[in-house]
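Everything below belongs to query-v3.cif, which stores mmCIF, C-alpha atoms.
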data_final
loop_
_atom_site.label_atom_id
_atom_site.label_comp_id
_atom_site.auth_asym_id
_atom_site.auth_seq_id
_atom_site.Cartn_x
_atom_site.Cartn_y
_atom_site.Cartn_z
CA MET A 1 -42.59 -53.67 145.11
CA ALA A 2 -41.88 -57.33 144.36
CA ALA A 3 -38.76 -58.93 145.75
CA GLY A 4 -36.21 -60.00 143.18
CA PHE A 5 -34.25 -63.21 143.55
CA ARG A 6 -31.38 -63.95 141.20
CA ASN A 7 -30.59 -67.60 141.91
CA ASN A 8 -29.46 -69.94 144.65
CA SER A 9 -26.53 -67.65 145.46
CA ASP A 10 -29.04 -65.41 147.27
CA ILE A 11 -29.61 -68.15 149.85
CA ILE A 12 -27.65 -67.51 153.04
CA LYS A 13 -25.98 -70.62 154.41
CA GLY A 14 -26.20 -70.93 158.18
CA SER A 15 -22.59 -72.04 158.39
CA ILE A 16 -21.36 -68.56 157.42
CA LEU A 17 -23.04 -66.79 160.34
CA MET A 18 -21.53 -66.79 163.81
CA VAL A 19 -22.14 -65.18 167.19
CA PHE A 20 -19.37 -62.98 168.53
CA ILE A 21 -19.23 -61.78 172.14
CA ASP A 22 -17.25 -58.55 172.42
CA ASP A 23 -15.64 -59.43 169.03
CA ASN A 24 -14.66 -62.95 170.17
CA PRO A 25 -16.40 -65.94 168.53
CA VAL A 26 -18.17 -68.55 170.62
CA ALA A 27 -16.11 -71.69 169.84
CA PHE A 28 -17.37 -74.89 168.23
CA ALA A 29 -20.87 -73.67 167.47
CA THR A 30 -23.36 -76.06 165.93
CA SER A 31 -26.27 -73.64 165.69
CA HIS A 32 -27.19 -70.02 166.35
CA SER A 33 -30.52 -68.23 166.26
CA LEU A 34 -31.57 -64.59 166.29
CA SER A 35 -35.17 -63.64 167.04
CA PHE A 36 -37.04 -60.36 167.17
CA THR A 37 -40.47 -59.87 168.73
CA THR A 38 -42.81 -56.89 168.63
CA ASN A 39 -44.99 -56.97 171.74
CA THR A 40 -48.49 -55.61 171.33
CA THR A 41 -51.40 -54.36 173.38
CA GLU A 42 -54.93 -55.06 172.26
CA VAL A 43 -56.97 -51.89 171.69
CA SER A 44 -60.11 -53.47 170.26
CA THR A 45 -63.41 -51.67 170.49
CA LYS A 46 -66.92 -52.48 169.38
CA ASP A 47 -66.04 -50.78 166.10
CA HIS A 48 -63.50 -53.50 165.26
CA GLY A 49 -66.05 -56.31 165.12
CA LEU A 50 -64.59 -59.84 165.05
CA TYR A 51 -61.05 -58.69 164.30
CA PRO A 52 -58.88 -57.44 167.13
CA ALA A 53 -56.87 -54.24 166.83
CA VAL A 54 -53.40 -54.04 168.32
CA ILE A 55 -50.66 -51.45 168.73
CA ALA A 56 -46.96 -52.09 169.17
CA ASN A 57 -45.68 -51.25 172.65
CA SER A 58 -42.13 -52.67 172.70
CA GLN A 59 -39.64 -54.76 170.78
CA THR A 60 -37.43 -57.48 172.21
CA TRP A 61 -34.63 -59.52 170.71
CA GLU A 62 -32.77 -62.65 171.69
CA VAL A 63 -29.76 -64.66 170.50
CA THR A 64 -29.18 -68.33 171.27
CA THR A 65 -26.10 -70.43 170.61
CA GLU A 66 -25.67 -74.20 170.70
CA ASN A 67 -22.08 -75.46 170.96
CA LEU A 68 -19.92 -78.46 171.53
CA ALA A 69 -18.37 -77.77 174.92
CA CYS A 70 -14.69 -76.98 175.23
CA ALA A 71 -12.60 -75.23 177.87
CA GLU A 72 -12.51 -72.04 175.78
CA ASN A 73 -16.25 -71.51 175.42
CA ILE A 74 -17.05 -72.73 178.95
CA ASN A 75 -14.61 -70.17 180.41
CA GLN A 76 -15.90 -67.45 178.06
CA LEU A 77 -19.55 -68.03 178.95
CA PHE A 78 -18.97 -68.58 182.69
CA THR A 79 -17.17 -65.21 182.77
CA VAL A 80 -20.11 -63.57 181.00
CA LEU A 81 -22.53 -65.30 183.40
CA ASN A 82 -20.62 -64.05 186.46
CA ASN A 83 -20.65 -60.51 185.05
CA ALA A 84 -24.40 -60.77 184.37
CA LYS A 85 -24.99 -60.86 188.14
CA ASP A 86 -24.02 -57.18 188.13
CA ASN A 87 -26.18 -56.45 185.03
CA THR A 88 -23.03 -56.19 182.91
CA THR A 89 -23.98 -56.56 179.26
CA VAL A 90 -21.85 -57.77 176.37
CA MET A 91 -21.80 -56.55 172.76
CA LEU A 92 -23.24 -59.36 170.66
CA LYS A 93 -22.68 -59.51 166.91
CA PHE A 94 -24.45 -61.95 164.62
CA ALA A 95 -21.97 -61.81 161.74
CA LYS A 96 -20.04 -63.43 158.95
CA PRO A 97 -16.41 -64.09 159.95
CA ALA A 98 -13.97 -61.95 157.96
CA SER A 99 -11.91 -65.05 157.09
CA TYR A 100 -14.83 -66.98 155.53
CA ASN A 101 -14.13 -68.07 151.95
CA GLU A 102 -16.06 -69.74 149.14
CA ASN A 103 -15.14 -73.19 150.51
CA GLY A 104 -16.66 -72.34 153.87
CA ILE A 105 -13.36 -72.53 155.71
CA VAL A 106 -13.02 -70.17 158.64
CA GLY A 107 -9.77 -69.80 160.47
CA GLU A 108 -6.87 -72.20 160.30
CA GLY A 109 -7.02 -75.65 161.82
CA ASN A 110 -9.50 -76.16 164.62
CA GLY A 111 -8.79 -72.98 166.58
CA THR A 112 -10.66 -69.72 166.75
CA SER A 113 -7.74 -67.43 167.49
CA ASN A 114 -7.79 -65.78 164.07
CA TRP A 115 -11.55 -65.45 163.60
CA THR A 116 -12.53 -61.80 163.35
CA VAL A 117 -15.86 -60.07 162.79
CA GLY A 118 -16.67 -59.48 159.14
CA ASP A 119 -19.99 -58.31 157.69
CA ILE A 120 -22.47 -57.77 160.54
CA LEU A 121 -26.09 -58.85 160.22
CA ALA A 122 -27.22 -57.60 163.64
CA GLU A 123 -25.61 -56.27 166.81
CA GLY A 124 -26.49 -54.87 170.19
CA ASN A 125 -25.88 -55.10 173.94
CA ALA A 126 -27.28 -58.17 175.63
CA LEU A 127 -27.39 -59.92 178.97
CA LEU A 128 -26.74 -63.66 179.33
CA THR A 129 -30.06 -64.94 180.68
CA SER A 130 -29.64 -68.71 180.38
CA LEU A 131 -26.68 -71.09 180.27
CA GLN A 132 -26.99 -74.87 180.19
CA LEU A 133 -24.14 -77.38 180.10
CA ASN A 134 -25.12 -80.92 179.06
CA ALA A 135 -22.81 -83.89 179.68
CA PRO A 136 -24.47 -87.08 178.41
CA SER A 137 -22.78 -90.42 179.05
CA GLY A 138 -20.78 -91.61 176.05
CA ASP A 139 -21.36 -88.47 173.96
CA ASN A 140 -19.92 -84.99 173.49
CA ALA A 141 -20.65 -82.40 176.14
CA THR A 142 -22.66 -79.46 174.80
CA LEU A 143 -23.70 -76.07 176.02
CA SER A 144 -26.57 -73.76 175.20
CA ALA A 145 -26.68 -70.05 175.94
CA THR A 146 -29.43 -67.47 175.57
CA PHE A 147 -28.80 -63.74 175.48
CA THR A 148 -31.60 -61.19 175.87
CA GLY A 149 -31.13 -57.81 174.22
CA VAL A 150 -30.83 -54.71 176.36
CA GLY A 151 -31.76 -51.55 174.50
CA ALA A 152 -31.54 -50.94 170.79
CA PHE A 153 -30.31 -53.40 168.19
CA THR A 154 -28.86 -52.52 164.82
CA LEU A 155 -29.34 -54.25 161.50
CA ASP A 156 -26.23 -53.32 159.55
CA GLN A 157 -26.37 -54.09 155.85
CA ALA A 158 -25.28 -50.95 153.99
CA GLY A 159 -23.75 -52.24 150.77
CA LYS A 160 -22.53 -55.52 152.26
CA SER A 161 -22.97 -59.03 150.93
CA ILE A 162 -23.54 -61.47 153.78
CA SER A 163 -24.57 -64.29 151.44
CA GLY A 164 -21.13 -64.74 149.92
CA ALA A 165 -22.64 -64.09 146.49
CA ALA A 166 -20.86 -62.05 143.86
CA ALA A 167 -20.28 -58.36 144.57
CA GLY A 168 -23.55 -56.57 145.11
CA GLY A 169 -25.28 -59.72 146.35
CA ALA A 170 -28.58 -59.21 148.17
CA THR A 171 -29.16 -60.21 151.77
CA GLY A 172 -32.91 -59.93 151.98
CA ILE A 173 -32.55 -57.72 155.06
CA THR A 174 -34.38 -54.43 154.86
CA GLY A 175 -35.07 -51.64 157.28
CA PRO A 176 -38.34 -50.08 158.43
CA THR A 177 -38.65 -48.10 155.18
CA GLY A 178 -38.17 -51.20 153.05
CA GLU A 179 -34.75 -50.00 151.90
CA SER A 180 -31.41 -51.61 152.70
CA GLY A 181 -29.26 -49.57 155.02
CA ASP A 182 -28.00 -49.12 158.55
CA ASN A 183 -31.07 -49.36 160.74
CA THR A 184 -31.34 -49.03 164.50
CA TYR A 185 -34.41 -50.41 166.21
CA GLU A 186 -35.27 -49.55 169.78
CA SER A 187 -36.25 -52.41 172.08
#

Would you kindly transcribe this structure into structure tokens?
Amino acid sequence: MAAGFRNNSDIIKGSILMVFIDDNPVAFATSHSLSFTTNTTEVSTKDHGLYPAVIANSQTWEVTTENLACAENINQLFTVLNNAKDNTTVMLKFAKPASYNENGIVGEGNGTSNWTVGDILAEGNALLTSLQLNAPSGDNATLSATFTGVGAFTLDQAGKSISGAAAGGATGITGPTGESGDNTYES
């Protein structure tokens, strides 16, 4: 089945996706990434010739966030880091803020107090595995955080339009059957 693309409104702008930790946004983000990996084991035999055969043995996922540093996100991530010592996970949501509008404005002013989770692209429990605070001379301080998924992750796209396109807009996200829907993947 060929994929159908209507026009440029199907393109998802990165600025409309944010990372939320336990339903709280990570402030002043400049970039986020979400990656999934299927780990494999080679099962090649003489019968396979030059081409290796592999089978899936596990799936992993990871979320990274790059941010301008501020007291709010430093405190938020240091708290998560301290809790990670006890293997305490957080619920991560890679989502469109509910207050996003066609002009790309989220929230009011420069604060994050009214940002709430809207349409969710992916979510799951994760452990903060890396936190780096950079403070270059004469420039803005930044921080980078990496979260590694613990357990299953969910791709949640049942009837939602993450792209901001007109009602019924496509997201390009499909489940293991090739159909849009709520899909849980074990990691």

Residue members of the PyMOL selection byres ((chain A and resi 25) around 10) in the file shown, as number ranges by chain: A: 18-24, 26-29, 73, 76, 92-95, 97, 112-117

For the provided coordinates, the residues matched by the PyMOL selection byres ((chain A and resi 122) around 8) should be stated as a CSV table (one decimal) with C-alpha atoms, in the coordinates of the input.
chain,number,residue,atom,x,y,z
A,93,LYS,CA,-22.7,-59.5,166.9
A,94,PHE,CA,-24.4,-62.0,164.6
A,95,ALA,CA,-22.0,-61.8,161.7
A,120,ILE,CA,-22.5,-57.8,160.5
A,121,LEU,CA,-26.1,-58.8,160.2
A,123,GLU,CA,-25.6,-56.3,166.8
A,124,GLY,CA,-26.5,-54.9,170.2
A,153,PHE,CA,-30.3,-53.4,168.2
A,154,THR,CA,-28.9,-52.5,164.8
A,155,LEU,CA,-29.3,-54.2,161.5
A,156,ASP,CA,-26.2,-53.3,159.6

Selection dump of the PyMOL selection byres ((chain A and resi 132-143) around 12), as a ChimeraX atom specification: /A:26-32,64-78,81,128-131,144-146

Å distance separating CA of Phe147 (chain A) from CA of Glu42 (chain A), one decimal place: 27.7 Å

Best match for closeness to Ser33 (chain A) among A:Leu17, A:Leu50, A:Val90, A:Ala152, counting all atoms listed in the file: A:Leu17

Using only C-alpha atoms: which of A:Thr38, A:Asn8, A:Ser44, A:Asn125 has the shortest distance to Asn57 (chain A): A:Thr38

Straight-line distance linking CA of Phe36 (chain A) with CA of Thr148 (chain A), stated in Å to one decimal: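 Calculated distance between CA of Phe36 (chain A) and CA of Thr148 (chain A) is 10.3 Å.
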
Pairwise distance for CA of Asn39 (chain A) and CA of Gln59 (chain A), rounded to one decimal in Å: 5.9 Å

Nearest residue to Gly149 (chain A) from the set A:Thr89, A:Thr41, A:Gly118, A:Ile16 (distances using all atoms listed in the file): A:Thr89

Starting from the incomplete input, reconstruct all heavy atoms of region 33-44 of chain A and write that as a PDB file, in the frame of the given file.
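Below is the file out.pdb, written as the result:
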ATOM      1  N   SER A  33     -29.258 -68.805 166.708  1.00  0.00           N
ATOM      2  CA  SER A  33     -30.520 -68.230 166.260  1.00  0.00           C
ATOM      3  C   SER A  33     -30.624 -66.787 166.762  1.00  0.00           C
ATOM      4  O   SER A  33     -30.042 -66.422 167.778  1.00  0.00           O
ATOM      5  CB  SER A  33     -31.724 -69.046 166.744  1.00  0.00           C
ATOM      6  OG  SER A  33     -31.843 -68.988 168.146  1.00  0.00           O
ATOM      7  N   LEU A  34     -31.343 -66.000 166.001  1.00  0.00           N
ATOM      8  CA  LEU A  34     -31.570 -64.590 166.290  1.00  0.00           C
ATOM      9  C   LEU A  34     -33.056 -64.358 166.116  1.00  0.00           C
ATOM     10  O   LEU A  34     -33.605 -64.662 165.057  1.00  0.00           O
ATOM     11  CB  LEU A  34     -30.761 -63.735 165.307  1.00  0.00           C
ATOM     12  CG  LEU A  34     -31.001 -62.239 165.259  1.00  0.00           C
ATOM     13  CD1 LEU A  34     -30.594 -61.577 166.568  1.00  0.00           C
ATOM     14  CD2 LEU A  34     -30.207 -61.626 164.098  1.00  0.00           C
ATOM     15  N   SER A  35     -33.720 -63.869 167.152  1.00  0.00           N
ATOM     16  CA  SER A  35     -35.170 -63.640 167.040  1.00  0.00           C
ATOM     17  C   SER A  35     -35.536 -62.255 167.524  1.00  0.00           C
ATOM     18  O   SER A  35     -34.926 -61.720 168.445  1.00  0.00           O
ATOM     19  CB  SER A  35     -35.949 -64.701 167.828  1.00  0.00           C
ATOM     20  OG  SER A  35     -35.665 -64.620 169.202  1.00  0.00           O
ATOM     21  N   PHE A  36     -36.512 -61.685 166.843  1.00  0.00           N
ATOM     22  CA  PHE A  36     -37.040 -60.360 167.170  1.00  0.00           C
ATOM     23  C   PHE A  36     -38.536 -60.512 167.415  1.00  0.00           C
ATOM     24  O   PHE A  36     -39.212 -61.245 166.702  1.00  0.00           O
ATOM     25  CB  PHE A  36     -36.840 -59.384 166.011  1.00  0.00           C
ATOM     26  CG  PHE A  36     -35.408 -59.216 165.603  1.00  0.00           C
ATOM     27  CD1 PHE A  36     -34.900 -59.893 164.516  1.00  0.00           C
ATOM     28  CD2 PHE A  36     -34.571 -58.371 166.312  1.00  0.00           C
ATOM     29  CE1 PHE A  36     -33.576 -59.746 164.133  1.00  0.00           C
ATOM     30  CE2 PHE A  36     -33.243 -58.217 165.948  1.00  0.00           C
ATOM     31  CZ  PHE A  36     -32.745 -58.900 164.853  1.00  0.00           C
ATOM     32  N   THR A  37     -39.044 -59.815 168.413  1.00  0.00           N
ATOM     33  CA  THR A  37     -40.470 -59.870 168.730  1.00  0.00           C
ATOM     34  C   THR A  37     -40.985 -58.456 168.958  1.00  0.00           C
ATOM     35  O   THR A  37     -40.352 -57.668 169.665  1.00  0.00           O
ATOM     36  CB  THR A  37     -40.718 -60.696 170.015  1.00  0.00           C
ATOM     37  OG1 THR A  37     -40.183 -62.005 169.829  1.00  0.00           O
ATOM     38  CG2 THR A  37     -42.195 -60.773 170.346  1.00  0.00           C
ATOM     39  N   THR A  38     -42.114 -58.145 168.333  1.00  0.00           N
ATOM     40  CA  THR A  38     -42.810 -56.890 168.630  1.00  0.00           C
ATOM     41  C   THR A  38     -43.968 -57.243 169.545  1.00  0.00           C
ATOM     42  O   THR A  38     -44.862 -58.012 169.179  1.00  0.00           O
ATOM     43  CB  THR A  38     -43.323 -56.221 167.337  1.00  0.00           C
ATOM     44  OG1 THR A  38     -42.204 -55.914 166.505  1.00  0.00           O
ATOM     45  CG2 THR A  38     -44.094 -54.952 167.656  1.00  0.00           C
ATOM     46  N   ASN A  39     -43.935 -56.730 170.759  1.00  0.00           N
ATOM     47  CA  ASN A  39     -44.990 -56.970 171.740  1.00  0.00           C
ATOM     48  C   ASN A  39     -46.120 -55.976 171.485  1.00  0.00           C
ATOM     49  O   ASN A  39     -45.871 -54.810 171.163  1.00  0.00           O
ATOM     50  CB  ASN A  39     -44.441 -56.824 173.156  1.00  0.00           C
ATOM     51  CG  ASN A  39     -43.287 -57.772 173.383  1.00  0.00           C
ATOM     52  OD1 ASN A  39     -43.431 -58.976 173.263  1.00  0.00           O
ATOM     53  ND2 ASN A  39     -42.121 -57.223 173.673  1.00  0.00           N
ATOM     54  N   THR A  40     -47.335 -56.444 171.646  1.00  0.00           N
ATOM     55  CA  THR A  40     -48.490 -55.610 171.330  1.00  0.00           C
ATOM     56  C   THR A  40     -49.468 -55.534 172.493  1.00  0.00           C
ATOM     57  O   THR A  40     -49.454 -56.375 173.388  1.00  0.00           O
ATOM     58  CB  THR A  40     -49.237 -56.164 170.098  1.00  0.00           C
ATOM     59  OG1 THR A  40     -49.697 -57.492 170.384  1.00  0.00           O
ATOM     60  CG2 THR A  40     -48.356 -56.182 168.865  1.00  0.00           C
ATOM     61  N   THR A  41     -50.293 -54.525 172.444  1.00  0.00           N
ATOM     62  CA  THR A  41     -51.400 -54.360 173.380  1.00  0.00           C
ATOM     63  C   THR A  41     -52.679 -54.306 172.563  1.00  0.00           C
ATOM     64  O   THR A  41     -52.746 -53.594 171.553  1.00  0.00           O
ATOM     65  CB  THR A  41     -51.250 -53.038 174.172  1.00  0.00           C
ATOM     66  OG1 THR A  41     -50.028 -53.088 174.906  1.00  0.00           O
ATOM     67  CG2 THR A  41     -52.414 -52.833 175.123  1.00  0.00           C
ATOM     68  N   GLU A  42     -53.665 -55.064 172.991  1.00  0.00           N
ATOM     69  CA  GLU A  42     -54.930 -55.060 172.260  1.00  0.00           C
ATOM     70  C   GLU A  42     -55.695 -53.769 172.579  1.00  0.00           C
ATOM     71  O   GLU A  42     -55.783 -53.347 173.731  1.00  0.00           O
ATOM     72  CB  GLU A  42     -55.778 -56.268 172.626  1.00  0.00           C
ATOM     73  CG  GLU A  42     -57.020 -56.361 171.762  1.00  0.00           C
ATOM     74  CD  GLU A  42     -57.789 -57.662 171.948  1.00  0.00           C
ATOM     75  OE1 GLU A  42     -57.196 -58.653 172.417  1.00  0.00           O
ATOM     76  OE2 GLU A  42     -58.981 -57.662 171.621  1.00  0.00           O
ATOM     77  N   VAL A  43     -56.199 -53.130 171.544  1.00  0.00           N
ATOM     78  CA  VAL A  43     -56.970 -51.890 171.690  1.00  0.00           C
ATOM     79  C   VAL A  43     -58.317 -52.018 170.969  1.00  0.00           C
ATOM     80  O   VAL A  43     -58.846 -51.047 170.444  1.00  0.00           O
ATOM     81  CB  VAL A  43     -56.187 -50.666 171.155  1.00  0.00           C
ATOM     82  CG1 VAL A  43     -54.990 -50.381 172.050  1.00  0.00           C
ATOM     83  CG2 VAL A  43     -55.781 -50.856 169.713  1.00  0.00           C
ATOM     84  N   SER A  44     -58.861 -53.225 170.966  1.00  0.00           N
ATOM     85  CA  SER A  44     -60.110 -53.470 170.260  1.00  0.00           C
ATOM     86  C   SER A  44     -61.281 -52.728 170.899  1.00  0.00           C
ATOM     87  O   SER A  44     -61.335 -52.564 172.122  1.00  0.00           O
ATOM     88  CB  SER A  44     -60.427 -54.968 170.251  1.00  0.00           C
ATOM     89  OG  SER A  44     -59.425 -55.678 169.567  1.00  0.00           O
TER      90      SER A  44
END
